[in-house]
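Asker: Quick one: structure below, then a few questions.
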Amino acid sequence: MRTFGVEEELLIVDPKTGEPLALADALLSGHRMAADDAPDARALETEDKTVYDDDEMGLSAELKLEQIETQTRPCLEYGVLLDQIRAGRTLADRAAQKNGARVAALATSPLASTSHTTPDPRYARMLERFGLTAQEQLTCGFHVHTYIESPEEGVAVLDRIRDKLAVLTALSANSPFWNGVPTGFESYRTQAWNRWPTSGPAGIYGTYPAYRRVVTRLLDSGVMLDEGMLYFDARLSRNHPTVEVRVADVCLRAEDAALIALLVRALVESASREWRDGVDPAPVPTVLLRMAAWQASSSGLSGELLDFGTFRPARATDVVRSLVDYLAPVLDEQGELAIVRQGVEDIIARGTGAAEQRRVRDKAMAGSSPEDLGLGAVVNHAVNITMRGAMDLSEVEAAPDLLRVRQS
């Protein structure tokens, strides 16, 4: 069974108004001071960000000061990963509360707000180079890292999972509002994120050298600042032996996040087995994958998706169940099939995070006519659901240092 770990980007919000607050530097400063009391504490400098690590959980800065990222340790089991996701949310929320704020697992801010770029030379260059795209990029995603044995295996996996990733976008959709406006999308984060020049689905590479040639050509174009801006739906981590899948919104519920991670790990394992058995990747044109991602972002589970087998419209719930059926041999072998089937049916029954946000907004609007159009209630609800099942950090199972999963 492969190790896996996740990164969650959380929104820092005012507990009264629901507005985003530019406090990430304060949260990280307090977290670093607490970590400095531990003898093995250290700050891990990477090309993308600084991770303050207290050897239990990690917090890190992101592009915007209104968001904070948590990282789990690598895990083998669903229950351990779920505990660590909850513990990461607890860690971030404790730091937020010390500064009069809370955290919410919302992929975009329901309320209008001017965002603030984290004071960092790299981010400043991004703001100068990419203008409004960087200026408005207050989005919170959910990234899943899964262990691979070699870069060659990793590229084989990338080639064989690309046609199925849009289903995860639909299942995790949690961003129907953007700066105070209903967007008409289930995952508007996907729309905002795909403004970046290297975002979205990629073609079939075939070999690891071919993958590296694509990366080199992109860097040589002068458009990307560095390899950290390789924002494809899935990529090889630069710092860890993992495939990183990046298509999901941050999930409102921790258990839904852990479910997405299980699906990603099963996708990676299934793809690896196909590669070893000599099964070629499905030759789906990248333009069709982009259309499938757009449709998933637009409809979530409420309408139709492009079926990953035929790329023709099909009922979204049928497509999601088909993905589970496709992954069933691996999931059953790992003792996770019942967990995944139940988790998927739970989301279908209650709706995605986007559907839940709209229900809360509609209920708030029906009771009165608040100035924020019910969106403050959406954020308050999200804070409560984000912290449901909050963990005692002392109970979180540690993992060996050599198996760390960190941002690449």
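Going by the structure tokens order, chains are called A, B, ..., each with residues numbered from 1, while ligands are numbered from 1 in the order shown.
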When you look at Thr352 in chain A with a cut-off of 9 Å (counting only C-alpha atoms), what residues show up, excluding the ones that are within fewer than 6 positions of it in the same chain? I need them as a ChimeraX atom specification.
Answerer: /A:170-174,186,251-252,300-302
Asker: Hey, what's within 12 Å of range 281-283 of chain A if we count only C-alpha atoms and toss same-chain stuff fewer than 2 positions away? As JSON, numbers by chain, please?
Answerer: {"A": [155, 156, 157, 158, 159, 160, 161, 162, 163, 164, 202, 203, 204, 205, 206, 270, 271, 272, 273, 274, 275, 276, 277, 278, 279, 285, 286, 287, 288, 289, 308, 309, 310, 311]}
Asker: Which is closer to Gly131 in chain A than all the others in A:Leu28, A:Gln191, A:Val80, A:Thr117, using only C-alpha atoms?
Answerer: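 Of all the options, A:Thr117 lies closest to Gly131 in chain A.
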Asker: Range 208-220 of chain A: which residues within 8 Å, counting only C-alpha atoms, same-chain residues fewer than 4 positions away excluded, as number ranges by chain?
Answerer: A: 151-152, 155, 224-227, 230
Asker: For a quick check of understanding, using only C-alpha atoms, which of A:Tyr147, A:Glu371, A:Asp256, A:Pro74 has the smallest distance to Arg341 in chain A?
Answerer: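 Nearest to Arg341 in chain A: A:Asp256.
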Asker: If DSSP is run on the backbone, what residues of range 123-338 of chain A are strand (DSSP E or B)? A reply as a PyMOL selection string would be ideal.
Answerer: chain A and resi 141-147+175+177-178+181-182+187+200+232+234-236+242-249+304-306+313-315
Asker: What lies within 6 Å of Thr242 in chain A using only C-alpha atoms, ignoring chain neighbours under 2 positions off, as a PyMOL selection string?
Answerer: chain A and resi 145-148+237+240
Asker: Of the candidates A:Glu69, A:Val144, A:Gly228, A:Ser187, which shows the shortest atom-to-atom distance to Tyr123 in chain A, using only C-alpha atoms?
Answerer: A:Gly228
Asker: With the cut-off set at 10 Å and counting only C-alpha atoms, tabulate each residue of range 123-172 of chain A with an atom at most that distance from an atom of range 8-16 of chain A, showing the nearest atom pair and its distance in Å to one decimal, ordered by chain and increasing number, as CSV.
Answerer:
residue,atom,partner,partner_atom,distance
A:Leu138,CA,A:Leu11,CA,8.7
A:Thr139,CA,A:Glu9,CA,8.1
A:Cys140,CA,A:Glu9,CA,4.8
A:Gly141,CA,A:Glu9,CA,5.6
A:Phe142,CA,A:Glu8,CA,4.9
A:His143,CA,A:Glu8,CA,6.7
A:Val144,CA,A:Glu8,CA,9.0
Asker: Residues as selected, N, CA and C atoms, written as a PDB file, in the first residue's frame, can you do that?
Answerer:
ATOM      1  N   LEU A 138      -7.159  34.497  -4.977  1.00  0.00           N
ATOM      2  CA  LEU A 138      -7.440  34.013  -3.624  1.00  0.00           C
ATOM      3  C   LEU A 138      -8.310  32.764  -3.760  1.00  0.00           C
ATOM      4  N   THR A 139      -7.660  31.631  -3.952  1.00  0.00           N
ATOM      5  CA  THR A 139      -8.350  30.358  -4.118  1.00  0.00           C
ATOM      6  C   THR A 139      -7.690  29.323  -3.221  1.00  0.00           C
ATOM      7  N   CYS A 140      -8.481  28.384  -2.746  1.00  0.00           N
ATOM      8  CA  CYS A 140      -7.977  27.361  -1.829  1.00  0.00           C
ATOM      9  C   CYS A 140      -8.202  25.978  -2.429  1.00  0.00           C
ATOM     10  N   GLY A 141      -7.109  25.297  -2.722  1.00  0.00           N
ATOM     11  CA  GLY A 141      -7.181  23.978  -3.321  1.00  0.00           C
ATOM     12  C   GLY A 141      -6.813  22.891  -2.332  1.00  0.00           C
ATOM     13  N   PHE A 142      -6.881  21.674  -2.832  1.00  0.00           N
ATOM     14  CA  PHE A 142      -6.583  20.477  -2.038  1.00  0.00           C
ATOM     15  C   PHE A 142      -5.696  19.584  -2.891  1.00  0.00           C
ATOM     16  N   HIS A 143      -4.481  19.328  -2.439  1.00  0.00           N
ATOM     17  CA  HIS A 143      -3.493  18.603  -3.220  1.00  0.00           C
ATOM     18  C   HIS A 143      -3.169  17.274  -2.538  1.00  0.00           C
ATOM     19  N   VAL A 144      -3.158  16.219  -3.322  1.00  0.00           N
ATOM     20  CA  VAL A 144      -2.892  14.875  -2.793  1.00  0.00           C
ATOM     21  C   VAL A 144      -1.578  14.359  -3.363  1.00  0.00           C
TER      22      VAL A 144
END
Asker: Please return, as a PDB file with C-alpha atoms, in the first residue's frame, all residues of range 345-394 of chain A that DSSP assigns to alpha helix (DSSP H) on the basis of the backbone.
Answerer:
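Result file follows (result-v1.pdb):
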ATOM      1  CA  GLU A 345     -23.070   8.016  -1.556  1.00  0.00           C
ATOM      2  CA  ASP A 346     -22.954  10.440   1.384  1.00  0.00           C
ATOM      3  CA  ILE A 347     -21.809  13.259  -0.905  1.00  0.00           C
ATOM      4  CA  ILE A 348     -24.430  12.367  -3.517  1.00  0.00           C
ATOM      5  CA  ALA A 349     -27.153  12.359  -0.846  1.00  0.00           C
ATOM      6  CA  ARG A 350     -26.264  15.664   0.836  1.00  0.00           C
ATOM      7  CA  GLY A 353     -19.809  21.676  -0.529  1.00  0.00           C
ATOM      8  CA  ALA A 354     -21.070  24.061  -3.215  1.00  0.00           C
ATOM      9  CA  ALA A 355     -24.633  22.779  -2.825  1.00  0.00           C
ATOM     10  CA  GLU A 356     -24.352  23.090   0.946  1.00  0.00           C
ATOM     11  CA  GLN A 357     -23.116  26.680   0.691  1.00  0.00           C
ATOM     12  CA  ARG A 358     -26.091  27.615  -1.472  1.00  0.00           C
ATOM     13  CA  ARG A 359     -28.557  25.969   0.923  1.00  0.00           C
ATOM     14  CA  VAL A 360     -27.152  27.944   3.843  1.00  0.00           C
ATOM     15  CA  ARG A 361     -27.291  31.168   1.837  1.00  0.00           C
ATOM     16  CA  ASP A 362     -30.887  30.528   0.749  1.00  0.00           C
ATOM     17  CA  LYS A 363     -31.977  29.789   4.317  1.00  0.00           C
ATOM     18  CA  ALA A 364     -30.327  32.965   5.593  1.00  0.00           C
ATOM     19  CA  MET A 365     -31.962  35.005   2.850  1.00  0.00           C
ATOM     20  CA  ALA A 366     -35.378  33.534   3.598  1.00  0.00           C
ATOM     21  CA  GLY A 367     -35.175  34.631   7.220  1.00  0.00           C
ATOM     22  CA  LEU A 375     -22.982  35.073   2.602  1.00  0.00           C
ATOM     23  CA  GLY A 376     -21.799  35.828   6.126  1.00  0.00           C
ATOM     24  CA  ALA A 377     -23.939  32.906   7.278  1.00  0.00           C
ATOM     25  CA  VAL A 378     -22.246  30.736   4.649  1.00  0.00           C
ATOM     26  CA  VAL A 379     -18.822  31.517   6.090  1.00  0.00           C
ATOM     27  CA  ASN A 380     -19.939  30.998   9.691  1.00  0.00           C
ATOM     28  CA  HIS A 381     -21.410  27.639   8.745  1.00  0.00           C
ATOM     29  CA  ALA A 382     -18.206  26.717   6.951  1.00  0.00           C
ATOM     30  CA  VAL A 383     -16.109  27.515  10.032  1.00  0.00           C
ATOM     31  CA  ASN A 384     -18.243  25.164  12.117  1.00  0.00           C
ATOM     32  CA  ILE A 385     -18.147  22.339   9.565  1.00  0.00           C
ATOM     33  CA  THR A 386     -14.419  22.808   8.955  1.00  0.00           C
TER      34      THR A 386
END
Asker: Show me, as an MDAnalysis selection string, the residues that have an atom within 9 Å of range 331-335 of chain A when counting only C-alpha atoms, minus same-chain residues fewer than 3 positions from it.
Answerer: chainID A and resid 1 262:263 266 324 327:328 338:340
Asker: Nearest to Ala105 in chain A among A:Gly88, A:Gly58, A:Gly374, A:Gly343, with distances taken over only C-alpha atoms: which residue is it?
Answerer: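 Checking each of A:Gly88, A:Gly58, A:Gly374, A:Gly343 against Ala105 in chain A, counting only C-alpha atoms, the winner is A:Gly88.
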Asker: So the first atom is CA of Thr183 in chain A and the second is CA of Arg125 in chain A; what is the distance between them in Å, to one decimal place?
Answerer: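 For CA of Thr183 in chain A relative to CA of Arg125 in chain A, the distance reads 29.3 Å.
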Asker: Quick check, in Å to one decimal: how far apart do CA of Ala87 in chain A and CA of Gln342 in chain A lie?
Answerer: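 It comes out at 23.1 Å.
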Asker: Between CA of Leu323 in chain A and CA of Ser150 in chain A, what is the distance in Å, rounded to a tenth?
Answerer: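 Taking CA of Leu323 in chain A and CA of Ser150 in chain A, their separation equals 25.7 Å.
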